[in-house]
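Chemist: What follows is coords-v9.txt, compact mmCIF, C-alpha atoms.
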# COMPACT_ATOMS: atom_id res chain seq x y z
CA MET A 135 -21.56 -1.43 6.34
CA ALA A 136 -17.78 -1.38 6.19
CA SER A 137 -16.02 1.85 7.10
CA HIS A 138 -13.49 3.65 4.91
CA ASN A 139 -10.71 2.40 7.15
CA GLU A 140 -11.87 -1.18 6.89
CA TRP A 141 -11.75 -0.82 3.10
CA ARG A 142 -8.25 0.72 3.40
CA VAL A 143 -6.99 -2.28 5.35
CA ALA A 144 -8.73 -4.76 3.05
CA TYR A 145 -7.20 -3.26 -0.11
CA ALA A 146 -3.76 -3.10 1.54
CA LYS A 147 -3.92 -6.74 2.68
CA GLN A 148 -4.78 -7.85 -0.84
CA ALA A 149 -1.96 -5.71 -2.27
CA LYS A 150 0.46 -7.49 0.06
CA VAL A 151 -0.65 -10.84 -1.34
CA ASP A 152 -0.09 -9.54 -4.89
CA LEU A 153 3.45 -8.47 -3.97
CA ARG A 154 4.14 -11.89 -2.44
CA ALA A 155 2.73 -13.61 -5.52
CA ARG A 156 5.09 -11.53 -7.70
CA GLU A 157 8.03 -12.68 -5.56
CA GLN A 158 7.03 -16.33 -5.74
CA LEU A 159 6.54 -16.21 -9.50
CA LEU A 160 10.10 -14.94 -9.91
CA ALA A 161 11.35 -18.39 -8.90
CA LEU A 162 9.90 -19.85 -12.11
CA PRO A 163 12.40 -20.19 -14.94
CA ASP A 164 11.54 -18.30 -18.14
CA LEU A 165 8.71 -16.37 -16.51
CA PRO A 166 7.32 -13.92 -19.10
CA ASP A 167 7.65 -10.27 -18.03
CA CYS A 168 3.90 -9.81 -18.32
CA GLN A 169 3.21 -12.10 -15.35
CA GLU A 170 5.56 -10.26 -12.99
CA LEU A 171 4.28 -6.90 -14.22
CA HIS A 172 0.65 -8.00 -13.87
CA PHE A 173 1.05 -8.61 -10.14
CA LEU A 174 3.04 -5.41 -9.77
CA GLN A 175 0.25 -3.42 -11.48
CA MET A 176 -2.42 -5.05 -9.33
CA ALA A 177 -0.47 -4.37 -6.13
CA CYS A 178 0.04 -0.72 -7.08
CA GLU A 179 -3.63 -0.24 -7.91
CA LYS A 180 -4.78 -1.70 -4.59
CA ILE A 181 -2.24 0.33 -2.61
CA CYS A 182 -3.50 3.50 -4.27
CA LYS A 183 -7.13 2.55 -3.57
CA ALA A 184 -6.24 1.73 0.04
CA TYR A 185 -4.63 5.15 0.37
CA LEU A 186 -7.69 6.88 -1.11
CA CYS A 187 -10.09 4.96 1.17
CA GLY A 188 -7.96 6.01 4.13
CA HIS A 189 -8.34 9.62 3.02
CA GLY A 190 -12.12 9.51 2.83
CA THR A 191 -12.83 8.54 -0.78
CA ASP A 192 -16.06 6.57 -1.18
CA PRO A 193 -14.94 2.95 -1.80
CA SER A 194 -17.77 2.36 -4.28
CA VAL A 195 -16.38 5.11 -6.53
CA LEU A 196 -13.01 3.32 -6.70
CA GLN A 197 -14.37 0.07 -8.07
CA SER A 198 -15.11 1.39 -11.53
CA SER A 199 -11.61 2.44 -12.57
CA HIS A 200 -8.04 1.15 -12.69
CA ALA A 201 -6.53 4.57 -13.38
CA TYR A 202 -5.32 5.72 -9.98
CA ILE A 203 -1.67 4.68 -9.99
CA ALA A 204 -0.19 7.58 -11.97
CA SER A 205 -1.85 10.21 -9.82
CA VAL A 206 -1.75 8.61 -6.36
CA LEU A 207 1.51 6.65 -6.18
CA PRO A 208 3.71 9.79 -6.38
CA ILE A 209 1.69 11.31 -3.53
CA ILE A 210 2.27 8.21 -1.37
CA LEU A 211 5.98 8.40 -2.16
CA ARG A 212 6.20 12.11 -1.29
CA GLU A 213 4.51 11.43 2.04
CA GLN A 214 6.94 8.61 2.76
CA LEU A 215 9.87 10.90 1.96
CA ALA A 216 8.48 13.55 4.30
CA LEU A 217 8.01 11.05 7.13
CA LYS A 218 10.90 8.65 6.65
CA SER A 219 13.74 10.57 5.04
CA ARG A 220 16.67 11.51 7.25
CA HIS A 221 17.77 13.93 4.55
CA LEU A 222 14.88 16.37 4.71
CA GLN A 223 17.01 19.15 3.28
CA LYS A 224 17.81 16.98 0.27
CA ASP A 225 16.10 17.76 -3.00
CA HIS A 226 13.97 14.71 -3.86
CA THR A 227 12.73 16.14 -7.17
CA TRP A 228 14.71 13.56 -9.14
CA LEU A 229 13.26 10.64 -7.19
CA VAL A 230 9.66 11.88 -7.32
CA SER A 231 9.96 12.56 -11.04
CA ALA A 232 11.37 9.07 -11.69
CA ILE A 233 8.60 7.46 -9.63
CA ARG A 234 5.96 9.52 -11.46
CA SER A 235 7.25 8.23 -14.79
CA LEU A 236 7.27 4.61 -13.58
CA ALA A 237 3.80 4.98 -12.06
CA ARG A 238 2.37 6.10 -15.41
CA LYS A 239 3.97 3.13 -17.18
CA ILE A 240 2.60 0.72 -14.55
CA GLU A 241 -0.89 2.19 -14.80
CA LEU A 242 -0.89 1.58 -18.55
CA LEU A 243 -0.28 -2.15 -17.98
CA ALA A 244 -3.94 -2.61 -17.05
CA PRO A 245 -6.04 -3.57 -20.08
CA ALA A 246 -8.72 -1.02 -19.21
CA VAL A 247 -6.22 1.84 -19.24
CA GLN A 248 -5.15 2.63 -22.79
CA GLY A 249 -4.14 6.26 -22.65
CA GLY A 250 -6.85 7.27 -25.12
CA GLY A 251 -6.13 4.24 -27.29
CA ALA A 252 -2.45 5.12 -27.72
CA TYR A 253 -1.24 2.27 -25.45
CA PRO A 254 -3.23 -0.91 -26.04
CA ALA A 255 -0.33 -3.06 -24.75
CA ASN A 256 -1.29 -4.70 -21.47
CA CYS A 257 -0.30 -7.65 -19.28
CA GLU A 258 -3.47 -9.72 -19.60
CA TYR A 259 -5.09 -9.86 -23.01
CA PRO A 260 -3.93 -9.98 -26.64
CA TRP A 261 -4.36 -6.78 -28.64
CA LEU A 262 -4.16 -5.62 -32.21
CA GLY A 263 -0.95 -3.70 -32.90
CA THR A 264 -0.76 -0.58 -35.02
CA ASP A 265 0.69 -2.73 -37.81
CA GLY A 266 -2.43 -4.89 -37.79
CA THR A 267 -0.77 -7.95 -36.23
CA LEU A 268 -2.04 -9.63 -33.11
CA LYS A 269 0.16 -9.07 -30.06
CA VAL A 270 0.48 -11.45 -27.11
CA PRO A 271 1.40 -10.12 -23.64
CA ALA A 272 3.67 -13.12 -22.95
CA GLU A 273 5.75 -12.25 -26.03
CA HIS A 274 5.79 -8.48 -25.61
CA ASN A 275 8.66 -6.33 -24.38
CA PHE A 276 7.03 -3.73 -22.13
CA GLN A 277 10.24 -1.70 -21.83
CA LEU A 278 9.72 -1.61 -18.09
CA ASP A 279 12.31 -3.32 -15.93
CA LEU A 280 12.48 -2.11 -12.33
CA LEU A 281 15.81 -3.86 -11.83
CA TYR A 282 17.34 -1.29 -14.18
CA ALA A 283 14.99 1.69 -14.25
CA GLU A 284 15.78 4.91 -12.38
CA ALA A 285 14.31 4.53 -8.88
CA GLY A 286 12.93 1.09 -9.79
CA ARG A 287 14.22 -0.65 -6.67
CA HIS A 288 13.03 2.21 -4.49
CA LEU A 289 9.55 1.97 -5.98
CA ILE A 290 9.15 -1.67 -4.89
CA LYS A 291 10.59 -0.91 -1.45
CA ALA A 292 8.08 1.95 -1.19
CA LEU A 293 5.23 -0.43 -2.07
CA TYR A 294 6.12 -2.80 0.78
CA SER A 295 6.41 0.15 3.13
CA ALA A 296 3.05 1.54 1.99
CA VAL A 297 1.38 -1.82 2.53
CA ASP A 298 2.68 -1.94 6.10
CA ASP A 299 1.53 1.63 6.75
CA LEU A 300 -1.89 1.10 5.18
CA THR A 301 -2.64 -2.15 7.00
CA GLY A 302 -2.02 -0.40 10.31
CA VAL A 303 -5.19 0.00 12.33
CA GLU A 304 -5.89 3.58 13.41
CA MET B 135 31.83 -18.66 -20.52
CA ILE B 136 29.87 -19.02 -17.30
CA GLN B 137 30.14 -15.90 -15.14
CA SER B 138 30.56 -16.16 -11.38
CA LYS B 139 28.08 -14.60 -9.01
CA SER B 140 30.71 -12.04 -8.10
CA ASP B 141 31.15 -11.04 -11.76
CA VAL B 142 27.42 -10.75 -12.26
CA ALA B 143 27.08 -8.76 -9.02
CA LEU B 144 29.67 -6.32 -10.37
CA THR B 145 27.72 -5.96 -13.63
CA LEU B 146 24.57 -5.20 -11.68
CA ALA B 147 26.33 -2.76 -9.34
CA HIS B 148 27.75 -0.93 -12.36
CA ALA B 149 24.28 -0.65 -13.92
CA HIS B 150 22.81 0.74 -10.70
CA TYR B 151 25.54 3.34 -10.20
CA GLN B 152 24.76 4.59 -13.69
CA VAL B 153 21.08 5.27 -12.97
CA GLU B 154 21.06 6.19 -9.25
CA PRO B 155 22.65 9.55 -8.42
CA GLY B 156 22.14 9.06 -4.67
CA LEU B 157 23.94 5.72 -4.54
CA VAL B 158 27.10 6.09 -2.47
CA GLN B 159 28.19 2.49 -1.89
CA ILE B 160 27.25 -1.06 -2.90
CA ILE B 161 28.21 -4.12 -0.87
CA GLN B 162 27.54 -7.72 -1.79
CA LEU B 163 25.63 -9.69 0.82
CA LEU B 164 26.52 -13.33 1.24
CA ALA B 165 24.63 -16.34 2.50
CA SER B 166 26.47 -19.43 3.75
CA PRO B 167 29.02 -20.85 1.24
CA GLU B 168 26.77 -23.87 0.79
CA LYS B 169 23.83 -21.68 -0.23
CA GLU B 170 25.97 -19.42 -2.42
CA ASN B 171 27.02 -22.47 -4.44
CA ASP B 172 23.38 -22.99 -5.38
CA PRO B 173 22.61 -21.15 -8.65
CA LYS B 174 19.08 -20.51 -7.36
CA GLU B 175 20.47 -18.49 -4.44
CA PRO B 176 20.14 -14.85 -5.52
CA ILE B 177 22.90 -12.30 -5.86
CA LYS B 178 22.31 -9.91 -2.98
CA LEU B 179 23.36 -6.27 -3.06
CA LEU B 180 23.18 -3.85 -0.16
CA GLU B 181 22.83 -0.43 -1.77
CA ILE B 182 23.53 2.60 0.39
CA ASN B 183 21.49 5.36 -1.13
CA GLU B 184 21.06 8.95 0.07
CA ASN B 185 17.80 9.18 -1.87
CA THR B 186 16.01 6.33 -0.17
CA THR B 187 13.83 6.37 2.90
CA SER B 188 14.98 5.29 6.32
CA ASP B 189 12.62 2.39 6.46
CA GLY B 190 14.55 -0.65 7.66
CA ILE B 191 15.79 -3.67 5.75
CA ARG B 192 13.33 -4.37 2.94
CA PRO B 193 14.74 -6.89 0.45
CA VAL B 194 13.38 -6.46 -3.08
CA PHE B 195 13.42 -9.53 -5.33
CA PHE B 196 14.07 -9.80 -9.07
CA GLY B 197 14.32 -12.70 -11.48
CA PRO B 198 17.33 -13.45 -13.71
CA ARG B 199 17.88 -11.28 -16.80
CA PRO B 200 19.90 -13.54 -19.12
CA ALA B 201 19.69 -11.07 -22.01
CA GLN B 202 21.45 -8.45 -19.86
CA GLY B 203 24.06 -10.87 -18.53
CA ILE B 204 22.30 -11.34 -15.17
CA SER B 205 22.08 -15.10 -15.04
CA PHE B 206 21.04 -15.34 -11.38
CA PRO B 207 18.04 -14.02 -9.48
CA SER B 208 18.84 -10.94 -7.42
CA VAL B 209 17.85 -9.22 -4.22
CA ILE B 210 18.43 -5.52 -3.67
CA VAL B 211 18.34 -3.98 -0.19
CA GLU B 212 18.33 -0.18 -0.28
CA ILE B 213 19.22 1.60 2.94
CA THR B 214 20.35 5.09 3.95
CA PRO B 215 23.96 5.86 4.96
CA GLU B 216 22.78 6.20 8.59
CA GLU B 217 21.10 2.79 8.48
CA PHE B 218 24.29 1.33 7.01
CA GLU B 219 26.28 2.61 9.98
CA GLU B 220 23.92 0.64 12.22
CA VAL B 221 24.30 -2.49 10.07
CA ARG B 222 28.09 -2.13 10.03
CA LYS B 223 28.13 -2.00 13.82
CA ASN B 224 25.64 -4.81 14.12
CA PRO B 225 25.52 -7.10 11.05
CA SER B 226 22.94 -9.29 12.77
CA LEU B 227 20.41 -6.66 11.66
CA LEU B 228 20.64 -8.32 8.24
CA PRO B 229 18.01 -11.03 7.65
CA ASN B 230 18.61 -14.70 6.76
CA ASP B 231 22.07 -14.77 8.39
CA TRP B 232 23.44 -12.73 5.48
CA LEU B 233 26.94 -11.34 5.91
CA LEU B 234 28.60 -8.24 4.50
CA GLY B 235 30.83 -9.23 1.58
CA LYS B 236 32.79 -7.54 -1.14
CA GLU B 237 32.39 -3.80 -1.69
CA PHE B 238 31.87 -2.35 -5.15
CA PRO B 239 32.92 1.31 -4.74
CA ARG B 240 31.51 3.84 -7.20
CA ARG B 241 34.91 5.31 -8.01
CA ALA B 242 36.56 1.95 -8.68
CA ILE B 243 33.72 0.90 -10.96
CA ALA B 244 33.78 4.23 -12.82
CA ALA B 245 37.54 3.94 -13.32
CA ALA B 246 37.22 0.38 -14.59
CA GLY B 247 34.28 1.02 -16.79
Please express the file's structure as structure tokens.

Modeler:
Amino acid sequence: MASHNEWRVAYAKQAKVDLRAREQLLALPDLPDCQELHFLQMACEKICKAYLCGHGTDPSVLQSSHAYIASVLPIILREQLALKSRHLQKDHTWLVSAIRSLARKIELLAPAVQGGGAYPANCEYPWLGTDGTLKVPAEHNFQLDLLYAEAGRHLIKALYSAVDDLTGVE
Amino acid sequence: MIQSKSDVALTLAHAHYQVEPGLVQIIQLLASPEKENDPKEPIKLLEINENTTSDGIRPVFFGPRPAQGISFPSVIVEITPEEFEEVRKNPSLLPNDWLLGKEFPRRAIAAAG
């Protein structure tokens, strides 16, 4: 029977592979946004599950849901700021708030997370739009570009940092 | 008109200053001239940001954004002002033999833009 920490490391290792896959896909010309965002969403989800396993959550509970990013990613970021910020006196409210907003948007990219049906857009499967037309992920503008979003670059840096922290053996 | 990497780097730096209140300085990172002549070689920006964590050099990759005038892939490296002091003293801390290049100061960009 695998321990919680073994699950933590396993999720974190797989998240690292998702992040690498995202990077490698970026070399493809005309890559649809949905493909990059799909790997980003999967990496975030696994990092959050790794974090929860490391904090004692039963791994079997985590397998039934994709909706952990919005609640857990801001916690991981706050912990990183507490441990790795040389500006402890600095107010990080802006950064945490920006990351919280991005985390919610990333969580909604998973097809199983629809925000009560309000956000059927996702990176994997076609969906029926509110106007009755069929929407294709590869043709959809998700209005989520971390190259331009507030704290977008920091979020990806934080993911790589979290992966390194979570793969560490205690 | 085809924009140079330096022009596109300036466009990107301008966009980042507009959304990042903790950003104090942006410096272009350069690979060897041979590599920089390759359009597949990304634009690389070292962003000195008071809001980021002191967590070493962690390059973050992005694809081109032709619709926004970013015709090259890009790499952003966010570091703290203290980490930048270390890099300035010892540029070999940068990966891939990258060198410190042109600076895009916030004030100069604000005045121009």

Chemist: Within 9 Å of chain B, which residues of chain A are there when counting all atoms listed in the file? Please give them as an mmCIF file with C-alpha atoms, keeping the file's coordinate frame.

Modeler:
data_model
loop_
_atom_site.group_PDB
_atom_site.id
_atom_site.type_symbol
_atom_site.label_atom_id
_atom_site.label_comp_id
_atom_site.auth_asym_id
_atom_site.auth_seq_id
_atom_site.Cartn_x
_atom_site.Cartn_y
_atom_site.Cartn_z
ATOM 1 C CA ARG A 156 5.090 -11.530 -7.700
ATOM 2 C CA GLU A 157 8.030 -12.680 -5.560
ATOM 3 C CA LEU A 159 6.540 -16.210 -9.500
ATOM 4 C CA LEU A 160 10.100 -14.940 -9.910
ATOM 5 C CA ALA A 161 11.350 -18.390 -8.900
ATOM 6 C CA LEU A 162 9.900 -19.850 -12.110
ATOM 7 C CA PRO A 163 12.400 -20.190 -14.940
ATOM 8 C CA ASP A 164 11.540 -18.300 -18.140
ATOM 9 C CA LEU A 165 8.710 -16.370 -16.510
ATOM 10 C CA GLN A 214 6.940 8.610 2.760
ATOM 11 C CA LEU A 215 9.870 10.900 1.960
ATOM 12 C CA LEU A 217 8.010 11.050 7.130
ATOM 13 C CA LYS A 218 10.900 8.650 6.650
ATOM 14 C CA SER A 219 13.740 10.570 5.040
ATOM 15 C CA ARG A 220 16.670 11.510 7.250
ATOM 16 C CA HIS A 221 17.770 13.930 4.550
ATOM 17 C CA LYS A 224 17.810 16.980 0.270
ATOM 18 C CA ASP A 225 16.100 17.760 -3.000
ATOM 19 C CA HIS A 226 13.970 14.710 -3.860
ATOM 20 C CA TRP A 228 14.710 13.560 -9.140
ATOM 21 C CA LEU A 229 13.260 10.640 -7.190
ATOM 22 C CA LEU A 280 12.480 -2.110 -12.330
ATOM 23 C CA LEU A 281 15.810 -3.860 -11.830
ATOM 24 C CA TYR A 282 17.340 -1.290 -14.180
ATOM 25 C CA ALA A 283 14.990 1.690 -14.250
ATOM 26 C CA GLU A 284 15.780 4.910 -12.380
ATOM 27 C CA ALA A 285 14.310 4.530 -8.880
ATOM 28 C CA ARG A 287 14.220 -0.650 -6.670
ATOM 29 C CA HIS A 288 13.030 2.210 -4.490
ATOM 30 C CA ILE A 290 9.150 -1.670 -4.890
ATOM 31 C CA LYS A 291 10.590 -0.910 -1.450
ATOM 32 C CA ALA A 292 8.080 1.950 -1.190
ATOM 33 C CA TYR A 294 6.120 -2.800 0.780
ATOM 34 C CA SER A 295 6.410 0.150 3.130
#

Chemist: Interatomic distance between CA of Leu242 (chain A) and CA of Trp141 (chain A)?

Modeler: 24.3 Å

Chemist: Work out how far apart CA of Lys147 (chain A) and CA of Gln197 (chain A) are and give it in Å to one decimal.

Modeler: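 Computed distance, CA of Lys147 (chain A) to CA of Gln197 (chain A), equals 16.5 Å.
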
Chemist: Taking (-3.7, -8.4, -16.9) in the coordinates of the supplied file, I want to know which residues reach to within 6 Å of it, counting only C-alpha atoms; could you give the answer as a PyMOL selection string?

Modeler: chain A and resi 172+244+257-258

Chemist: Show me, as a list in words, the residues that have an atom within 12 Å of Ala246 (chain A) when counting all atoms listed in the file, minus same-chain residues fewer than 3 positions from it.

Modeler: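 Listing them by chain and then by number gives Ser198, Ser199, His200, Ala201, Tyr202, Glu241, Leu242, Leu243, Gly249, Gly250, Gly251, Tyr253, Pro254, Ala255, Asn256, Cys257, Glu258, Tyr259 and Trp261 of chain A.
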
Chemist: For Leu179 (chain B), which of B:Lys223, B:Ala143, B:Ser166, B:Ser138 is the closest residue, counting only C-alpha atoms?

Modeler: B:Ala143

Chemist: May I have the residues within 12 Å of Asn224 (chain B) as a VMD selection string, using all atoms listed in the file and disregarding those fewer than 6 positions away in the same chain?

Modeler: chain B and resid 217 to 218 232 to 234
